[in-house]
file coords_30.pdb (PDB, C-alpha atoms, pLDDT in the B column)
ATOM      1  CA  MET A  50       0.000   0.000   0.000  1.00 54.00           C
ATOM      2  CA  SER A  51       1.426   3.383  -0.986  1.00 63.00           C
ATOM      3  CA  ASP A  52       1.660   6.391   1.302  1.00 65.00           C
ATOM      4  CA  PRO A  53      -1.257   8.806   1.059  1.00 87.00           C
ATOM      5  CA  LEU A  54      -0.633  12.028  -0.787  1.00 93.00           C
ATOM      6  CA  PRO A  55       0.505  14.928   1.412  1.00 95.00           C
ATOM      7  CA  PHE A  56      -2.223  17.348   2.435  1.00 96.00           C
ATOM      8  CA  TRP A  57      -1.181  20.068  -0.026  1.00 96.00           C
ATOM      9  CA  LYS A  58      -1.782  17.639  -2.904  1.00 96.00           C
ATOM     10  CA  ARG A  59      -5.117  16.449  -1.520  1.00 95.00           C
ATOM     11  CA  LYS A  60      -6.719  19.681  -0.316  1.00 95.00           C
ATOM     12  CA  SER A  61      -7.469  23.070  -1.739  1.00 95.00           C
ATOM     13  CA  LEU A  62      -5.977  26.002   0.161  1.00 96.00           C
ATOM     14  CA  SER A  63      -9.403  26.937   1.511  1.00 95.00           C
ATOM     15  CA  ALA A  64      -9.995  23.382   2.802  1.00 96.00           C
ATOM     16  CA  MET A  65      -6.785  23.256   4.848  1.00 96.00           C
ATOM     17  CA  SER A  66      -6.796  23.380   8.613  1.00 96.00           C
ATOM     18  CA  ARG A  67      -5.119  26.340  10.265  1.00 93.00           C
ATOM     19  CA  ALA A  68      -2.118  24.153  11.175  1.00 95.00           C
ATOM     20  CA  GLU A  69      -1.795  22.931   7.569  1.00 97.00           C
ATOM     21  CA  TRP A  70      -2.096  26.492   6.206  1.00 95.00           C
ATOM     22  CA  GLU A  71       0.536  27.765   8.624  1.00 93.00           C
ATOM     23  CA  SER A  72       2.928  24.927   7.784  1.00 96.00           C
ATOM     24  CA  LEU A  73       2.987  25.992   4.127  1.00 97.00           C
ATOM     25  CA  CYS A  74       5.211  28.905   5.039  1.00 95.00           C
ATOM     26  CA  ASP A  75       8.788  27.898   4.221  1.00 95.00           C
ATOM     27  CA  GLY A  76      10.256  30.518   6.570  1.00 94.00           C
ATOM     28  CA  CYS A  77      12.085  32.436   3.833  1.00 95.00           C
ATOM     29  CA  GLY A  78      11.070  35.934   5.007  1.00 95.00           C
ATOM     30  CA  ARG A  79      10.664  37.295   1.456  1.00 95.00           C
ATOM     31  CA  CYS A  80       7.052  38.301   2.055  1.00 92.00           C
ATOM     32  CA  CYS A  81       8.264  40.470   4.949  1.00 94.00           C
ATOM     33  CA  LEU A  82      10.424  42.632   2.688  1.00 95.00           C
ATOM     34  CA  HIS A  83       9.047  46.033   1.757  1.00 94.00           C
ATOM     35  CA  LYS A  84       8.021  46.617  -1.835  1.00 94.00           C
ATOM     36  CA  ILE A  85       7.501  49.837  -3.740  1.00 94.00           C
ATOM     37  CA  ARG A  86       4.646  50.192  -6.207  1.00 93.00           C
ATOM     38  CA  ASP A  87       5.005  52.740  -8.979  1.00 91.00           C
ATOM     39  CA  GLU A  88       1.735  54.670  -8.862  1.00 90.00           C
ATOM     40  CA  ASP A  89       1.860  55.408 -12.599  1.00 91.00           C
ATOM     41  CA  THR A  90       2.715  51.959 -13.950  1.00 92.00           C
ATOM     42  CA  GLU A  91       1.601  49.776 -11.005  1.00 92.00           C
ATOM     43  CA  GLU A  92       4.950  47.968 -11.304  1.00 93.00           C
ATOM     44  CA  ILE A  93       6.271  46.372  -8.109  1.00 93.00           C
ATOM     45  CA  HIS A  94       9.893  46.927  -7.109  1.00 95.00           C
ATOM     46  CA  PHE A  95      11.243  44.625  -4.406  1.00 95.00           C
ATOM     47  CA  THR A  96      13.628  45.925  -1.767  1.00 96.00           C
ATOM     48  CA  ASN A  97      15.947  44.188   0.671  1.00 96.00           C
ATOM     49  CA  VAL A  98      14.433  46.168   3.562  1.00 96.00           C
ATOM     50  CA  ALA A  99      12.739  43.928   6.101  1.00 95.00           C
ATOM     51  CA  CYS A 100       9.839  44.725   8.364  1.00 93.00           C
ATOM     52  CA  ARG A 101      11.150  45.783  11.756  1.00 90.00           C
ATOM     53  CA  MET A 102       9.594  42.656  13.274  1.00 91.00           C
ATOM     54  CA  LEU A 103      11.515  40.225  11.039  1.00 92.00           C
ATOM     55  CA  ASP A 104      14.524  38.463  12.523  1.00 91.00           C
ATOM     56  CA  THR A 105      16.752  38.716   9.451  1.00 91.00           C
ATOM     57  CA  GLN A 106      18.888  35.725  10.463  1.00 91.00           C
ATOM     58  CA  GLY A 107      16.156  33.362  11.688  1.00 92.00           C
ATOM     59  CA  CYS A 108      13.741  34.690   9.037  1.00 93.00           C
ATOM     60  CA  GLY A 109      10.744  34.648  11.363  1.00 90.00           C
ATOM     61  CA  CYS A 110       8.649  37.302  13.028  1.00 91.00           C
ATOM     62  CA  ARG A 111       9.989  38.397  16.418  1.00 87.00           C
ATOM     63  CA  ASP A 112       6.470  38.427  17.902  1.00 85.00           C
ATOM     64  CA  TYR A 113       4.223  36.674  15.402  1.00 84.00           C
ATOM     65  CA  ALA A 114       1.247  36.221  17.728  1.00 83.00           C
ATOM     66  CA  ASN A 115       1.160  39.951  18.493  1.00 82.00           C
ATOM     67  CA  ARG A 116       2.635  41.346  15.279  1.00 85.00           C
ATOM     68  CA  ARG A 117      -0.369  43.510  14.486  1.00 84.00           C
ATOM     69  CA  ASP A 118       0.125  45.335  17.792  1.00 85.00           C
ATOM     70  CA  HIS A 119       3.512  46.407  16.409  1.00 89.00           C
ATOM     71  CA  VAL A 120       2.615  46.693  12.700  1.00 87.00           C
ATOM     72  CA  PRO A 121      -1.144  47.373  12.465  1.00 86.00           C
ATOM     73  CA  ASP A 122      -1.255  47.205   8.670  1.00 85.00           C
ATOM     74  CA  CYS A 123       0.568  43.884   8.447  1.00 87.00           C
ATOM     75  CA  VAL A 124      -1.202  41.852   5.749  1.00 85.00           C
ATOM     76  CA  GLN A 125      -2.658  38.570   6.936  1.00 86.00           C
ATOM     77  CA  LEU A 126      -2.912  36.198   3.983  1.00 90.00           C
ATOM     78  CA  LYS A 127      -6.106  34.287   3.393  1.00 92.00           C
ATOM     79  CA  PRO A 128      -6.865  31.855   0.555  1.00 93.00           C
ATOM     80  CA  ARG A 129      -9.428  34.156  -1.064  1.00 92.00           C
ATOM     81  CA  MET A 130      -6.810  36.949  -1.360  1.00 92.00           C
ATOM     82  CA  LEU A 131      -4.142  35.032  -3.259  1.00 92.00           C
ATOM     83  CA  ALA A 132      -5.394  35.544  -6.812  1.00 88.00           C
ATOM     84  CA  ALA A 133      -5.364  39.330  -6.416  1.00 89.00           C
ATOM     85  CA  LEU A 134      -1.926  39.695  -4.807  1.00 90.00           C
ATOM     86  CA  ASP A 135       0.827  40.596  -7.247  1.00 90.00           C
ATOM     87  CA  TRP A 136       3.603  41.134  -4.707  1.00 91.00           C
ATOM     88  CA  LEU A 137       4.100  37.633  -3.321  1.00 92.00           C
ATOM     89  CA  PRO A 138       7.497  36.218  -4.271  1.00 94.00           C
ATOM     90  CA  PRO A 139       7.367  33.534  -6.982  1.00 94.00           C
ATOM     91  CA  THR A 140       8.931  31.009  -4.586  1.00 95.00           C
ATOM     92  CA  CYS A 141       6.105  31.407  -2.024  1.00 95.00           C
ATOM     93  CA  ALA A 142       4.211  28.171  -1.376  1.00 96.00           C
ATOM     94  CA  TYR A 143       0.892  30.035  -1.215  1.00 96.00           C
ATOM     95  CA  HIS A 144       1.581  31.629  -4.597  1.00 94.00           C
ATOM     96  CA  ILE A 145       2.723  28.324  -6.108  1.00 95.00           C
ATOM     97  CA  LEU A 146      -0.181  26.209  -4.832  1.00 96.00           C
ATOM     98  CA  ALA A 147      -2.800  28.847  -5.686  1.00 95.00           C
ATOM     99  CA  ARG A 148      -1.629  28.588  -9.305  1.00 93.00           C
ATOM    100  CA  GLY A 149      -1.688  24.791  -9.458  1.00 94.00           C
ATOM    101  CA  GLY A 150       1.996  24.105  -8.797  1.00 95.00           C
ATOM    102  CA  ASP A 151       3.656  21.779  -6.305  1.00 96.00           C
ATOM    103  CA  LEU A 152       6.047  22.472  -3.469  1.00 96.00           C
ATOM    104  CA  PRO A 153       9.709  22.491  -4.539  1.00 96.00           C
ATOM    105  CA  ASP A 154      12.282  20.056  -3.145  1.00 94.00           C
ATOM    106  CA  TRP A 155      13.804  22.655  -0.800  1.00 94.00           C
ATOM    107  CA  HIS A 156      10.487  23.366   0.949  1.00 97.00           C
ATOM    108  CA  PRO A 157      10.707  22.134   4.573  1.00 97.00           C
ATOM    109  CA  LEU A 158       7.500  20.085   4.184  1.00 97.00           C
ATOM    110  CA  VAL A 159       9.197  18.159   1.361  1.00 96.00           C
ATOM    111  CA  SER A 160      12.779  18.068   2.647  1.00 96.00           C
ATOM    112  CA  GLY A 161      11.905  17.561   6.314  1.00 96.00           C
ATOM    113  CA  ASP A 162      14.591  20.132   7.160  1.00 96.00           C
ATOM    114  CA  PRO A 163      13.801  23.783   8.014  1.00 94.00           C
ATOM    115  CA  GLU A 164      17.345  24.762   6.971  1.00 95.00           C
ATOM    116  CA  SER A 165      16.806  23.592   3.384  1.00 95.00           C
ATOM    117  CA  VAL A 166      15.151  26.900   2.456  1.00 95.00           C
ATOM    118  CA  HIS A 167      18.306  28.742   3.526  1.00 94.00           C
ATOM    119  CA  ARG A 168      20.725  26.332   1.807  1.00 93.00           C
ATOM    120  CA  ALA A 169      18.775  26.700  -1.449  1.00 93.00           C
ATOM    121  CA  GLY A 170      19.236  30.474  -1.402  1.00 92.00           C
ATOM    122  CA  ILE A 171      15.532  31.172  -1.043  1.00 94.00           C
ATOM    123  CA  SER A 172      15.560  32.999   2.290  1.00 95.00           C
ATOM    124  CA  VAL A 173      16.499  36.571   3.169  1.00 95.00           C
ATOM    125  CA  ARG A 174      19.194  35.362   5.583  1.00 95.00           C
ATOM    126  CA  GLY A 175      22.296  37.491   5.144  1.00 94.00           C
ATOM    127  CA  ARG A 176      20.653  39.668   2.464  1.00 94.00           C
ATOM    128  CA  ALA A 177      18.123  41.852   4.280  1.00 96.00           C
ATOM    129  CA  VAL A 178      18.464  45.014   6.324  1.00 94.00           C
ATOM    130  CA  SER A 179      16.021  46.145   8.998  1.00 92.00           C
ATOM    131  CA  GLU A 180      13.776  49.080   8.183  1.00 91.00           C
ATOM    132  CA  ARG A 181      15.140  50.764  11.322  1.00 90.00           C
ATOM    133  CA  GLU A 182      18.597  50.944   9.681  1.00 92.00           C
ATOM    134  CA  ALA A 183      17.749  51.228   5.984  1.00 92.00           C
ATOM    135  CA  GLY A 184      16.851  54.819   5.265  1.00 90.00           C
ATOM    136  CA  ALA A 185      15.037  55.500   1.977  1.00 92.00           C
ATOM    137  CA  LEU A 186      13.451  52.409   0.426  1.00 92.00           C
ATOM    138  CA  GLU A 187      14.369  53.629  -3.057  1.00 92.00           C
ATOM    139  CA  ASP A 188      18.025  53.140  -2.110  1.00 94.00           C
ATOM    140  CA  HIS A 189      17.422  49.427  -1.487  1.00 96.00           C
ATOM    141  CA  VAL A 190      15.666  48.231  -4.648  1.00 96.00           C
ATOM    142  CA  VAL A 191      16.796  44.706  -5.611  1.00 95.00           C
ATOM    143  CA  THR A 192      15.530  42.047  -7.992  1.00 93.00           C
ATOM    144  CA  TRP A 193      16.367  38.772  -6.213  1.00 94.00           C
ATOM    145  CA  PRO A 194      13.158  38.538  -4.112  1.00 94.00           C
ATOM    146  CA  GLY A 195      11.142  38.449  -7.331  1.00 92.00           C
ATOM    147  CA  ARG A 196      13.164  35.639  -8.927  1.00 91.00           C
ATOM    148  CA  TRP A 197      14.038  32.003  -8.377  1.00 90.00           C
ATOM    149  CA  PRO A 198      17.672  31.623  -7.239  1.00 83.00           C
ATOM    150  CA  PRO A 199      19.973  29.890  -9.765  1.00 79.00           C
ATOM    151  CA  ALA A 200      20.671  27.033  -7.319  1.00 64.00           C
ATOM    152  CA  SER A 201      16.965  26.170  -7.155  1.00 64.00           C
ATOM    153  CA  ARG A 202      16.159  26.491 -10.853  1.00 53.00           C
ATOM    154  CA  LYS A 203      16.443  22.810 -11.755  1.00 46.00           C
ATOM    155  CA  ALA A 204      14.377  21.658  -8.774  1.00 47.00           C
ATOM    156  CA  GLY A 205      11.786  24.365  -9.312  1.00 46.00           C
ATOM    157  CA  GLN A 206      11.496  24.192 -13.105  1.00 48.00           C
ATOM    158  CA  ALA A 207       8.250  22.200 -13.215  1.00 45.00           C
ATOM    159  CA  THR A 208       6.878  24.074 -10.221  1.00 47.00           C
ATOM    160  CA  ARG A 209       7.533  27.437 -11.872  1.00 46.00           C
ATOM    161  CA  ALA A 210       5.978  26.309 -15.148  1.00 48.00           C
ATOM    162  CA  ALA A 211       2.802  25.242 -13.364  1.00 47.00           C
ATOM    163  CA  ALA A 212       2.756  28.363 -11.234  1.00 47.00           C
ATOM    164  CA  ALA A 213       3.411  30.971 -13.917  1.00 45.00           C
ATOM    165  CA  PRO A 214       2.814  34.453 -12.554  1.00 43.00           C
ATOM    166  CA  VAL A 215      -0.492  36.145 -13.243  1.00 37.00           C
ATOM    167  CA  ALA A 216       1.049  39.615 -13.423  1.00 36.00           C
ATOM    168  CA  ALA A 217       4.181  40.487 -15.356  1.00 32.00           C
ATOM    169  CA  PRO A 218       7.292  40.090 -13.203  1.00 32.00           C
ATOM    170  CA  VAL A 219       9.591  42.970 -12.403  1.00 33.00           C
ATOM    171  CA  ALA A 220      12.056  43.245 -15.275  1.00 30.00           C
ATOM    172  CA  ALA A 221      15.556  42.181 -14.348  1.00 29.00           C
ATOM    173  CA  PRO A 222      18.263  44.784 -14.983  1.00 30.00           C
ATOM    174  CA  ALA A 223      21.154  44.057 -17.325  1.00 30.00           C
ATOM    175  CA  ALA A 224      23.760  43.724 -14.562  1.00 32.00           C
ATOM    176  CA  ALA A 225      23.186  40.984 -12.002  1.00 34.00           C
ATOM    177  CA  GLY A 226      22.033  42.422  -8.689  1.00 38.00           C
ATOM    178  CA  ALA A 227      21.799  45.960 -10.095  1.00 35.00           C
ATOM    179  CA  LYS A 228      18.824  48.141  -9.343  1.00 39.00           C
ATOM    180  CA  PRO A 229      16.104  48.482 -11.968  1.00 39.00           C
ATOM    181  CA  PRO A 230      15.711  52.050 -13.176  1.00 38.00           C
ATOM    182  CA  MET A 231      13.420  54.071 -10.944  1.00 42.00           C
ATOM    183  CA  LYS A 232      11.101  56.467 -12.717  1.00 38.00           C
ATOM    184  CA  ALA A 233      10.419  59.918 -11.363  1.00 34.00           C
ATOM    185  CA  SER A 234       6.822  59.055 -10.608  1.00 37.00           C
ATOM    186  CA  PRO A 235       5.162  58.752  -7.210  1.00 41.00           C
ATOM    187  CA  LYS A 236       5.755  55.536  -5.270  1.00 46.00           C
ATOM    188  CA  THR A 237       3.836  53.897  -2.484  1.00 52.00           C
ATOM    189  CA  ASN A 238       5.108  51.328  -0.056  1.00 55.00           C
ATOM    190  CA  VAL A 239       3.348  48.003  -0.457  1.00 56.00           C
ATOM    191  CA  LYS A 240       3.142  46.734   3.094  1.00 52.00           C
ATOM    192  CA  THR A 241       4.932  43.569   4.012  1.00 49.00           C
ATOM    193  CA  GLY A 242       2.753  40.519   3.765  1.00 46.00           C
ATOM    194  CA  GLN A 243       2.198  37.949   6.459  1.00 40.00           C
ATOM    195  CA  ARG A 244       1.324  34.487   5.376  1.00 36.00           C
ATOM    196  CA  LYS A 245      -0.985  33.084   7.987  1.00 36.00           C
ATOM    197  CA  ALA A 246      -4.660  32.302   7.782  1.00 35.00           C
ATOM    198  CA  GLY A 247      -6.952  34.210  10.092  1.00 31.00           C
TER     199      GLY A 247
END
call {"tool": "encode", "arguments": {"input": "coords_30.pdb", "output": "structure tokens"}}
result
Amino acid sequence: MSDPLPFWKRKSLSAMSRAEWESLCDGCGRCCLHKIRDEDTEEIHFTNVACRMLDTQGCGCRDYANRRDHVPDCVQLKPRMLAALDWLPPTCAYHILARGGDLPDWHPLVSGDPESVHRAGISVRGRAVSEREAGALEDHVVTWPGRWPPASRKAGQATRAAAAPVAAPVAAPAAAGAKPPMKASPKTNVKTGQRKAG
């Protein structure tokens, strides 16, 4: 007799228990990075500036249970919201599953190891700066949160194909790691997103 399929292959996101929903988070911290939306073009620019509540080494919220006391406009993800959100990173399990994909090999639910997300280069560990130290967000625009890391490309190829983005991705600049050009139009900060069901 074969093992039953894991819950994420058997259930829709809306049918998952709270514990199942919460376990989908891989602990990368990318959703907790600030984004800038160009008010003229609606384009999203990722930054490496983390919410002040994010532990940039552990990649978890410093006070998850009470985070909204500290950051009142923290976004609390719910299944019904996923189709409309254009700022979730492409590696996010909620984003992937909502678009019919499967969890990649480095996801802790697949690997059985919470460190696998860091080894695969998915997490913000060592790459994010706290908003308390950052200064202007425009000075911290980066492209890596909106892309799959090279080390995970082979493992995530089928997953990415199944979970093709709904909105156009942020265009990568010519030089690796360089900032995309910022237009002289108004910007708004897209608040950091929190993954958990309410």
call {"tool": "residues_around", "arguments": {"input": "coords_30.pdb", "residues": "Pro194 of chain A", "least_positions_apart": "4", "cutoff": "9 Å", "atoms": "all atoms listed in the file", "output": "ChimeraX atom specification"}}
result
/A:79-80,82,95-97,138-140,171-173,198
call {"tool": "write_last_selection", "arguments": {"input": "coords_30.pdb", "atoms": "C-alpha atoms", "output": "compact mmCIF listing (two decimals), keeping the file's coordinate frame"}}
result
# COMPACT_ATOMS: atom_id res chain seq x y z
CA ARG A 79 10.66 37.30 1.46
CA CYS A 80 7.05 38.30 2.06
CA LEU A 82 10.42 42.63 2.69
CA PHE A 95 11.24 44.62 -4.41
CA THR A 96 13.63 45.92 -1.77
CA ASN A 97 15.95 44.19 0.67
CA PRO A 138 7.50 36.22 -4.27
CA PRO A 139 7.37 33.53 -6.98
CA THR A 140 8.93 31.01 -4.59
CA ILE A 171 15.53 31.17 -1.04
CA SER A 172 15.56 33.00 2.29
CA VAL A 173 16.50 36.57 3.17
CA PRO A 198 17.67 31.62 -7.24
call {"tool": "resolve_selection", "arguments": {"input": "coords_30.pdb", "expression": "the PyMOL selection byres ((chain A and resi 176) around 12)", "output": "PyMOL selection string"}}
result
chain A and resi 77-79+82+96-99+104-106+108+167+170-175+177-179+189+191-194+226
call {"tool": "atom_distance", "arguments": {"input": "coords_30.pdb", "atom1": "atom CA of Pro157 of chain A", "atom2": "atom CA of Trp197 of chain A"}}
result
16.6 Å
call {"tool": "atom_distance", "arguments": {"input": "coords_30.pdb", "atom1": "atom CA of Arg129 of chain A", "atom2": "atom CA of Ala147 of chain A"}}
result
9.7 Å
call {"tool": "atom_distance", "arguments": {"input": "coords_30.pdb", "atom1": "atom CA of Glu71 of chain A", "atom2": "atom CA of Ile85 of chain A"}}
result
26.2 Å
call {"tool": "closest_residue", "arguments": {"input": "coords_30.pdb", "among": "A:His94, A:Pro53, A:Arg117, A:Asp89", "to": "Asp188 of chain A", "atoms": "all atoms listed in the file"}}
result
A:His94
call {"tool": "resolve_selection", "arguments": {"input": "coords_30.pdb", "expression": "the PyMOL selection byres ((chain A and resi 58) around 12)", "output": "PyMOL selection string"}}
result
chain A and resi 53-57+59-62+64-65+69+73+146-147+149-152+158-159
